[in-house]
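Below is one structure; the comments refer to it alone.
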Amino acid sequence: MPRELCLDCHRPLKSCWCHCRQPIANRVEIGVLQHPSEQKQVKSSVPLLLACLQKQHAWIGEQLEDAQPLKPSTSSLVDWLDKGIPTYLLYPTTENDLVEVATVATLAEQPQPIQILVLDGTWRKTYKLLQLNPRLAELPRIQLAPQQASKYRIRKQKNALSLSTLEAVGQLLTQLEKAPQIAEDLERAFDCFQSAIFSYPLRP
């Protein structure tokens, strides 16, 4: 007999994480381009992130022009990039990258609205997204200095400062909007999410 699934998060009812959501009225709009290999990853933090943020869009695909919105009402990624709001890519740079790099502190002080694009996938997969899409590789970057170590218990991280997509966005929004509550709410939601899926005890 097939297991009964939640109609919202599509998880078995005993591991449904819908109760973990924390509504967040973020001012800076977040876009997520997810590599196709991440779409069915049970451990992915992106579904929870999208469920929490008020201003968010997400697409899945390798090619910019063919990326499919995760929600039918979402515009294409190309249209989102073309809507006239400065877009910054949250992605590390190397000394060989000839792109503009902005600090969180600088962007937090400017009055002009911005939007942030985040690449979701392993380092190898996100690097491939950049290689396949020169327009993405040419976007100005925003550098995030993690304020705390990752608390991703259900997936092995490269090191303590390697953050899940949800954690990175939470810390970024907290710094950009000067709102510590954002990171705190997302951390609480993420802890609940991990406990719901893998029955890990909640941290005190």
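Chain lettering (A, B, ...) mirrors the order of the structure tokens, residue numbering begins at 1 for each chain separately, and ligand numbering begins at 1 in order of display.
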Per-residue DSSP, range 19-118 of chain A, filtered to strand (DSSP E or B), as a ChimeraX atom specification: /A:24,29-34,53,56-60,68-69,87-90,101-103,115-118
Counting only C-alpha atoms, the option among A:Leu53, A:Ala145, A:Ser15, A:Leu163 closest to Arg3 in chain A: A:Ser15
9 Å contact set for Leu176 in chain A, only C-alpha atoms, chain neighbours under 4 positions out, as a PyMOL selection string: chain A and resi 28+104-109+171-172
Just list the residues in range 11-204 of chain A DSSP gives alpha helix (DSSP H) on the backbone, as a CSV table (one decimal) with N, CA, C and O atoms, in the first residue's frame.
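What follows is the written file selection27.csv:
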chain,number,residue,atom,x,y,z
A,46,VAL,N,16.5,24.0,-0.2
A,46,VAL,CA,15.8,25.0,-1.1
A,46,VAL,C,14.3,25.0,-0.9
A,46,VAL,O,13.7,26.0,-0.8
A,47,PRO,N,13.6,23.8,-0.9
A,47,PRO,CA,12.1,23.8,-0.8
A,47,PRO,C,11.7,24.6,0.5
A,47,PRO,O,10.7,25.3,0.5
A,48,LEU,N,12.4,24.4,1.6
A,48,LEU,CA,12.1,25.0,2.8
A,48,LEU,C,12.3,26.5,2.7
A,48,LEU,O,11.5,27.4,3.2
A,49,LEU,N,13.5,26.9,2.1
A,49,LEU,CA,13.8,28.3,1.9
A,49,LEU,C,12.7,29.0,1.1
A,49,LEU,O,12.2,30.1,1.5
A,50,LEU,N,12.3,28.4,0.1
A,50,LEU,CA,11.2,29.0,-0.8
A,50,LEU,C,9.9,29.1,0.0
A,50,LEU,O,9.1,30.1,-0.3
A,51,ALA,N,9.7,28.2,0.8
A,51,ALA,CA,8.4,28.2,1.6
A,51,ALA,C,8.4,29.3,2.6
A,51,ALA,O,7.3,29.7,3.1
A,52,CYS,N,9.6,29.7,3.1
A,52,CYS,CA,9.7,30.7,4.1
A,52,CYS,C,9.7,32.2,3.6
A,52,CYS,O,9.1,33.1,4.1
A,77,LEU,N,13.7,33.0,-16.1
A,77,LEU,CA,14.9,33.5,-15.5
A,77,LEU,C,15.5,34.7,-16.3
A,77,LEU,O,15.9,35.7,-15.8
A,78,VAL,N,15.4,34.6,-17.6
A,78,VAL,CA,15.8,35.7,-18.5
A,78,VAL,C,15.1,36.9,-18.2
A,78,VAL,O,15.6,38.0,-18.1
A,79,ASP,N,13.7,36.8,-18.1
A,79,ASP,CA,12.9,38.0,-17.9
A,79,ASP,C,13.2,38.6,-16.5
A,79,ASP,O,13.2,39.8,-16.3
A,80,TRP,N,13.5,37.7,-15.5
A,80,TRP,CA,13.8,38.2,-14.2
A,80,TRP,C,15.1,39.0,-14.2
A,80,TRP,O,15.2,40.1,-13.5
A,81,LEU,N,16.1,38.5,-14.9
A,81,LEU,CA,17.3,39.2,-15.0
A,81,LEU,C,17.2,40.5,-15.8
A,81,LEU,O,18.0,41.5,-15.6
A,104,VAL,N,28.9,43.0,1.2
A,104,VAL,CA,27.6,43.1,1.8
A,104,VAL,C,27.4,44.4,2.4
A,104,VAL,O,26.3,45.1,2.3
A,105,ALA,N,28.4,44.9,3.1
A,105,ALA,CA,28.3,46.2,3.8
A,105,ALA,C,28.0,47.4,2.8
A,105,ALA,O,27.2,48.2,3.1
A,106,THR,N,28.6,47.3,1.7
A,106,THR,CA,28.4,48.4,0.7
A,106,THR,C,27.0,48.3,0.2
A,106,THR,O,26.3,49.4,0.1
A,107,LEU,N,26.5,47.2,-0.2
A,107,LEU,CA,25.2,47.0,-0.7
A,107,LEU,C,24.1,47.3,0.3
A,107,LEU,O,23.0,47.8,0.0
A,108,ALA,N,24.4,47.1,1.6
A,108,ALA,CA,23.4,47.3,2.6
A,108,ALA,C,23.1,48.8,2.8
A,108,ALA,O,22.1,49.2,3.3
A,109,GLU,N,24.1,49.6,2.4
A,109,GLU,CA,23.9,51.1,2.6
A,109,GLU,C,23.4,51.8,1.3
A,109,GLU,O,23.0,52.9,1.4
A,123,TRP,N,29.5,22.1,-5.5
A,123,TRP,CA,30.4,23.1,-6.1
A,123,TRP,C,30.7,22.7,-7.6
A,123,TRP,O,30.8,23.6,-8.4
A,124,ARG,N,30.8,21.5,-7.9
A,124,ARG,CA,31.1,21.1,-9.3
A,124,ARG,C,30.0,21.4,-10.2
A,124,ARG,O,30.2,21.9,-11.3
A,125,LYS,N,28.7,21.2,-9.7
A,125,LYS,CA,27.6,21.5,-10.6
A,125,LYS,C,27.3,23.0,-10.7
A,125,LYS,O,27.0,23.4,-11.8
A,126,THR,N,27.5,23.7,-9.7
A,126,THR,CA,27.3,25.2,-9.8
A,126,THR,C,28.4,25.8,-10.7
A,126,THR,O,28.1,26.8,-11.4
A,127,TYR,N,29.6,25.3,-10.6
A,127,TYR,CA,30.7,25.8,-11.5
A,127,TYR,C,30.3,25.5,-13.0
A,127,TYR,O,30.6,26.3,-13.8
A,128,LYS,N,29.7,24.3,-13.2
A,128,LYS,CA,29.3,24.0,-14.5
A,128,LYS,C,28.2,25.0,-15.0
A,128,LYS,O,28.2,25.4,-16.2
A,129,LEU,N,27.3,25.4,-14.1
A,129,LEU,CA,26.3,26.4,-14.5
A,129,LEU,C,27.0,27.7,-15.0
A,129,LEU,O,26.5,28.3,-16.0
A,130,LEU,N,28.0,28.1,-14.3
A,130,LEU,CA,28.7,29.3,-14.8
A,130,LEU,C,29.4,29.1,-16.1
A,130,LEU,O,29.4,30.0,-17.0
A,131,GLN,N,30.0,27.9,-16.3
A,131,GLN,CA,30.7,27.6,-17.6
A,131,GLN,C,29.7,27.6,-18.8
A,131,GLN,O,30.0,28.0,-19.9
A,132,LEU,N,28.5,27.1,-18.5
A,132,LEU,CA,27.5,27.0,-19.6
A,132,LEU,C,26.8,28.3,-19.9
A,132,LEU,O,26.2,28.4,-20.9
A,134,PRO,N,27.6,32.2,-19.9
A,134,PRO,CA,28.5,33.3,-19.7
A,134,PRO,C,27.8,34.5,-19.1
A,134,PRO,O,28.4,35.3,-18.3
A,135,ARG,N,26.5,34.7,-19.3
A,135,ARG,CA,25.8,35.8,-18.8
A,135,ARG,C,25.8,35.8,-17.2
A,135,ARG,O,26.0,36.8,-16.5
A,136,LEU,N,25.7,34.6,-16.7
A,136,LEU,CA,25.7,34.4,-15.3
A,136,LEU,C,27.1,34.6,-14.7
A,136,LEU,O,27.3,35.3,-13.7
A,137,ALA,N,28.1,34.1,-15.4
A,137,ALA,CA,29.5,34.3,-15.0
A,137,ALA,C,29.9,35.8,-15.0
A,137,ALA,O,30.8,36.1,-14.2
A,165,THR,N,22.3,26.2,1.1
A,165,THR,CA,21.7,27.4,0.4
A,165,THR,C,20.9,28.2,1.3
A,165,THR,O,20.9,29.4,1.4
A,166,LEU,N,20.1,27.5,2.2
A,166,LEU,CA,19.2,28.2,3.1
A,166,LEU,C,20.0,29.0,4.1
A,166,LEU,O,19.7,30.2,4.4
A,167,GLU,N,21.1,28.4,4.6
A,167,GLU,CA,21.9,29.1,5.6
A,167,GLU,C,22.6,30.3,5.0
A,167,GLU,O,22.7,31.4,5.6
A,168,ALA,N,23.1,30.2,3.8
A,168,ALA,CA,23.8,31.3,3.1
A,168,ALA,C,22.9,32.4,2.8
A,168,ALA,O,23.2,33.6,3.1
A,169,VAL,N,21.7,32.1,2.4
A,169,VAL,CA,20.7,33.2,2.1
A,169,VAL,C,20.3,33.8,3.4
A,169,VAL,O,20.1,35.1,3.5
A,170,GLY,N,20.1,33.0,4.4
A,170,GLY,CA,19.7,33.6,5.7
A,170,GLY,C,20.7,34.6,6.2
A,170,GLY,O,20.4,35.7,6.7
A,171,GLN,N,22.0,34.2,6.2
A,171,GLN,CA,23.0,35.1,6.7
A,171,GLN,C,23.2,36.3,5.8
A,171,GLN,O,23.4,37.4,6.3
A,172,LEU,N,23.0,36.1,4.5
A,172,LEU,CA,23.1,37.2,3.6
A,172,LEU,C,22.0,38.3,3.8
A,172,LEU,O,22.2,39.5,3.9
A,173,LEU,N,20.8,37.8,3.9
A,173,LEU,CA,19.6,38.7,4.1
A,173,LEU,C,19.7,39.4,5.4
A,173,LEU,O,19.4,40.6,5.6
A,174,THR,N,20.2,38.7,6.5
A,174,THR,CA,20.4,39.3,7.8
A,174,THR,C,21.4,40.5,7.7
A,174,THR,O,21.1,41.6,8.3
A,175,GLN,N,22.5,40.3,6.9
A,175,GLN,CA,23.5,41.3,6.8
A,175,GLN,C,23.0,42.5,5.9
A,175,GLN,O,23.2,43.7,6.2
A,176,LEU,N,22.3,42.1,4.8
A,176,LEU,CA,21.9,43.2,3.9
A,176,LEU,C,20.8,44.0,4.5
A,176,LEU,O,20.7,45.2,4.3
A,177,GLU,N,19.8,43.4,5.2
A,177,GLU,CA,18.7,44.1,5.7
A,177,GLU,C,18.9,44.5,7.2
A,177,GLU,O,18.0,45.1,7.8
A,180,PRO,N,18.7,40.6,12.2
A,180,PRO,CA,19.2,39.3,12.8
A,180,PRO,C,18.1,38.3,12.8
A,180,PRO,O,18.3,37.1,12.8
A,181,GLN,N,16.8,38.7,12.9
A,181,GLN,CA,15.7,37.8,13.1
A,181,GLN,C,15.6,36.9,11.9
A,181,GLN,O,15.1,35.7,12.0
A,182,ILE,N,16.0,37.3,10.7
A,182,ILE,CA,15.9,36.5,9.5
A,182,ILE,C,16.7,35.2,9.6
A,182,ILE,O,16.2,34.1,9.4
A,183,ALA,N,18.0,35.4,9.9
A,183,ALA,CA,18.8,34.2,10.1
A,183,ALA,C,18.3,33.3,11.2
A,183,ALA,O,18.4,32.1,11.1
A,184,GLU,N,17.9,33.9,12.3
A,184,GLU,CA,17.4,33.2,13.5
A,184,GLU,C,16.2,32.4,13.1
A,184,GLU,O,16.0,31.2,13.5
A,185,ASP,N,15.2,33.0,12.4
A,185,ASP,CA,14.0,32.3,12.0
A,185,ASP,C,14.3,31.1,11.0
A,185,ASP,O,13.7,30.0,11.1
A,186,LEU,N,15.2,31.4,10.0
A,186,LEU,CA,15.6,30.3,9.1
A,186,LEU,C,16.3,29.2,9.8
A,186,LEU,O,16.2,28.0,9.4
A,187,GLU,N,17.2,29.5,10.7
A,187,GLU,CA,17.9,28.5,11.5
A,187,GLU,C,16.9,27.6,12.3
A,187,GLU,O,17.0,26.4,12.3
A,188,ARG,N,15.9,28.3,12.9
A,188,ARG,CA,14.9,27.5,13.6
A,188,ARG,C,14.1,26.6,12.6
A,188,ARG,O,13.8,25.4,12.9
A,189,ALA,N,13.7,27.1,11.5
A,189,ALA,CA,13.0,26.3,10.5
A,189,ALA,C,13.9,25.2,10.0
A,189,ALA,O,13.4,24.1,9.8
A,190,PHE,N,15.2,25.4,9.8
A,190,PHE,CA,16.1,24.4,9.3
A,190,PHE,C,16.3,23.3,10.3
A,190,PHE,O,16.3,22.1,9.9
A,191,ASP,N,16.4,23.6,11.5
A,191,ASP,CA,16.5,22.6,12.6
A,191,ASP,C,15.3,21.7,12.6
A,191,ASP,O,15.4,20.5,12.7
A,192,CYS,N,14.1,22.4,12.5
A,192,CYS,CA,12.9,21.6,12.5
A,192,CYS,C,12.8,20.7,11.3
A,192,CYS,O,12.4,19.5,11.4
A,193,PHE,N,13.2,21.2,10.2
A,193,PHE,CA,13.2,20.5,8.9
A,193,PHE,C,14.0,19.2,9.0
A,193,PHE,O,13.6,18.1,8.6
A,194,GLN,N,15.3,19.4,9.5
A,194,GLN,CA,16.2,18.2,9.6
A,194,GLN,C,15.6,17.2,10.6
A,194,GLN,O,15.7,16.0,10.4
A,195,SER,N,15.0,17.7,11.7
A,195,SER,CA,14.4,16.8,12.7
A,195,SER,C,13.2,16.0,12.1
A,195,SER,O,13.0,14.8,12.4
A,196,ALA,N,12.4,16.7,11.3
A,196,ALA,CA,11.2,16.1,10.7
A,196,ALA,C,11.5,15.0,9.7
A,196,ALA,O,10.9,14.0,9.7
A,197,ILE,N,12.6,15.3,8.9
A,197,ILE,CA,12.9,14.3,7.8
A,197,ILE,C,13.7,13.1,8.4
A,197,ILE,O,13.4,12.0,8.0
A,198,PHE,N,14.6,13.4,9.3
A,198,PHE,CA,15.5,12.3,9.8
A,198,PHE,C,15.4,12.0,11.3
A,198,PHE,O,16.2,11.3,11.8
Close residues, Glu62 in chain A itself excluded, 9 Å, only C-alpha atoms, min 4 positions apart in chain, as a list in words: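 Non-adjacent residues within range: Leu33, Gln34, His35, Pro36, Asp66, Ala67, Lys128, Leu129, Leu132 and Asn133 of chain A.
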Gap from CA of Lys40 in chain A to CA of Ala58 in chain A - Å, one decimal: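 We find that CA of Lys40 in chain A and CA of Ala58 in chain A lie 14.7 Å from each other.
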Can you tell me which residues surround Gln56 in chain A at a distance of at most 10 Å, considering only C-alpha atoms, apart from same-chain residues fewer than 6 positions away, and format the answer as a PDB file with C-alpha atoms, in the first residue's frame?
ATOM      1  CA  ASN A  26      12.331  39.877   3.098  1.00  0.00           C
ATOM      2  CA  VAL A  28      15.706  41.934  -1.033  1.00  0.00           C
ATOM      3  CA  GLU A  29      14.322  39.539  -3.628  1.00  0.00           C
ATOM      4  CA  ILE A  30      16.076  36.171  -3.927  1.00  0.00           C
ATOM      5  CA  GLY A  31      16.283  34.084  -7.089  1.00  0.00           C
ATOM      6  CA  VAL A  32      17.517  30.479  -7.009  1.00  0.00           C
ATOM      7  CA  LEU A  49      13.797  28.311   1.929  1.00  0.00           C
ATOM      8  CA  LEU A  50      11.242  29.022  -0.787  1.00  0.00           C
ATOM      9  CA  THR A  74       7.019  32.680 -11.955  1.00  0.00           C
ATOM     10  CA  GLN A 115      18.108  41.293  -6.276  1.00  0.00           C
ATOM     11  CA  ILE A 116      20.331  38.311  -5.547  1.00  0.00           C
ATOM     12  CA  LEU A 117      20.745  35.162  -7.639  1.00  0.00           C
TER      13      LEU A 117
END
